Each structure stands twice: as structure tokens, then as C-alpha cells.
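Okay, so here's the structure we're looking at.
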Amino acid sequence: MLSVLIILVAQSPLLTVANKNATLVCNYTYNGTGKEFRASLHKGTDSAVEVCFISWNTTKISSNSNKEFNCKGIHDKDKVIFTLWNMSANQTDIYFCKIEAMYPPPYVYSEKSNGTVIHVTETPTKIQEPQSAIPLWTMVAVTGVLAFYSMLITAAFINYRQKYKKNLYHQSDYMNMTPRHPPYQKNKGYPSYAPTRDYTAYRSWQP
């Protein structure tokens, strides 16, 4: 009596992805003695999309991925590990592992498992504030230098103004040495510097 060959697959029911990278482990059991196998990962309730696959035998391993996914498979004893990276939120779906015994005959493939829901969450994008082209410490240093020179210029201007006022005050203390005529001779038409004459010396003598 011939025994029935079967392949059973076990997967975790849920896988939440927060960093866009997922690792899905497909454990399987096979009661035959196959030498060549193929394992594939499928997306959707109807397994319509093959994400990637890996095939191996006693001497060779090969793999391939759908161009819409970043996926790679690794075989390790009684399990196949599928690694996906750079996943997006629209790739959230249920994923199924399929294991096939390709050689020797008869050809056997695994029954459909319950699958794994891979939930890809969107990572909130951080809004970076535009950085000033000039560092803050440079702006502070420039402001300090400008303020220092402004104080020097103000102090120099105040010092110059005080010296100017002092010189002006000293110049006003000098007396005007130009001769002036007496006040009562202002209307006689003599220059201000002409000395006053004594007209009594020209009077005729009278006894």
C-alpha cells in the first residue's frame, strides 16, 4: 500500500511592519524524499500575485522576485524565510507560502494554509525646518562686533563734541582790543578807533 505524500505549511497569522521591512517564516513538513523543491510567496486571498520564489536541489539554489516587490527567499532545513523590504502601505494584504516537491515524481504541492496578514503602517514624515545658511553662533558674534564698534563710534563722537564746545568757550574769553570812542561821540562821524580831540585848545584868547 502506497502512502499519500503531503506537504503542510504553517505561518504566523499576523505580521505588523513599522519600518517597511518584513520577515515571513514558512515552516513546512514533507513525508516524502524529494530532491528538488520550489517555494513561493503569493499575495491576495486568491494568491493571484506571485511575490517571489526560491528553488533548490542538492547542488543549486536560485531565486527571483516580482518587479513590484523587493523580496528574497532563503531555505533553511524545514523552513523558508522570505524577506521583504521597502514595503509600502498599499502592499498590506494576506500572503501565502506555497511549497512544491518538483523531483522525483510524483509532483506534490502544499495545501493552502491560513496565510499571514502583513500590515504595513505608514511612517509619519518628519517636517524638517529649513536651516539658516548662517549658523546661530556666527550671527551672535557678528551682532556683538557691530554693537561694540557702534559704542566706540558713539563714544568718539561725544568726546569730539565736548572738546569742540570747550575750545569754543575758551575763544570767547579773549577781549576785543580794538579802540572804541566814548559813547557820547557816536553821532559825530568819527571812526571808532580815532582819538577824541580837545577843541578848547583852538579857542581865541579873550582877556
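Identifiers for the C-alpha cells are assigned positionally: chains receive A, B, ... in sequence, residues are indexed from 1 per chain, and ligands are indexed from 1 in the order shown.
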Near-Ser12 in chain A list (8 Å; only C-alpha atoms; drop same-chain fewer than 6 positions) as a list in words: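 Everything that qualifies: Val25, Gly115 and Thr116 of chain A.
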Nearby residues (only C-alpha atoms) at most 6 Å from range 13-24 of chain A, same-chain spacing under 2 positions excluded, as a list in words: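 Everything that qualifies: Ile81, Phe82, Thr83, Leu84, Trp85, Asn86, Met87, Thr116, Val117, Ile118, His119, Val120 and Thr121 of chain A.
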Expected answer as a PyMOL selection string: strand (DSSP E or B) residues in range 75-117 of chain A: chain A and resi 75-76+79-84+93-103+108-109+116-117
With only C-alpha atoms as the counted atoms, please give the residues lying no more than 9 Å from Phe96 in chain A, apart from itself and same-chain residues fewer than 4 positions off, as a PDB file with C-alpha atoms, in the first residue's frame.
```pdb
ATOM      1  CA  GLN A  11       2.599  30.547   9.081  1.00  0.00           C
ATOM      2  CA  CYS A  26       7.186  29.481   6.294  1.00  0.00           C
ATOM      3  CA  SER A  40       6.964  30.763  -3.457  1.00  0.00           C
ATOM      4  CA  LEU A  41       5.196  33.624  -1.703  1.00  0.00           C
ATOM      5  CA  HIS A  42       1.800  34.754  -3.023  1.00  0.00           C
ATOM      6  CA  LYS A  43      -0.248  37.879  -2.321  1.00  0.00           C
ATOM      7  CA  GLY A  44      -4.050  38.190  -2.105  1.00  0.00           C
ATOM      8  CA  THR A  45      -6.889  35.957  -0.982  1.00  0.00           C
ATOM      9  CA  SER A  47      -2.973  34.017  -4.381  1.00  0.00           C
ATOM     10  CA  LYS A 112      -3.264  26.258   1.110  1.00  0.00           C
ATOM     11  CA  SER A 113      -2.557  27.498   4.616  1.00  0.00           C
ATOM     12  CA  ASN A 114      -4.383  30.158   6.585  1.00  0.00           C
ATOM     13  CA  GLY A 115      -1.841  32.718   5.392  1.00  0.00           C
ATOM     14  CA  THR A 116      -0.224  35.717   7.102  1.00  0.00           C
ATOM     15  CA  VAL A 117      -1.682  39.207   7.100  1.00  0.00           C
TER      16      VAL A 117
END
```
Close residues, Asn66 in chain A itself excluded, 6 Å, only C-alpha atoms, min 2 positions apart in chain, as a PyMOL selection string: chain A and resi 51-52+68-69
Interatomic distance (Å, one decimal) between CA of Thr33 in chain A and CA of His75 in chain A: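 Interatomic distance here is 16.5 Å.
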Residue nearest Glu100 in chain A among A:Ile158, A:Met151, A:Ile61, A:Leu5 (counting only C-alpha atoms): A:Leu5
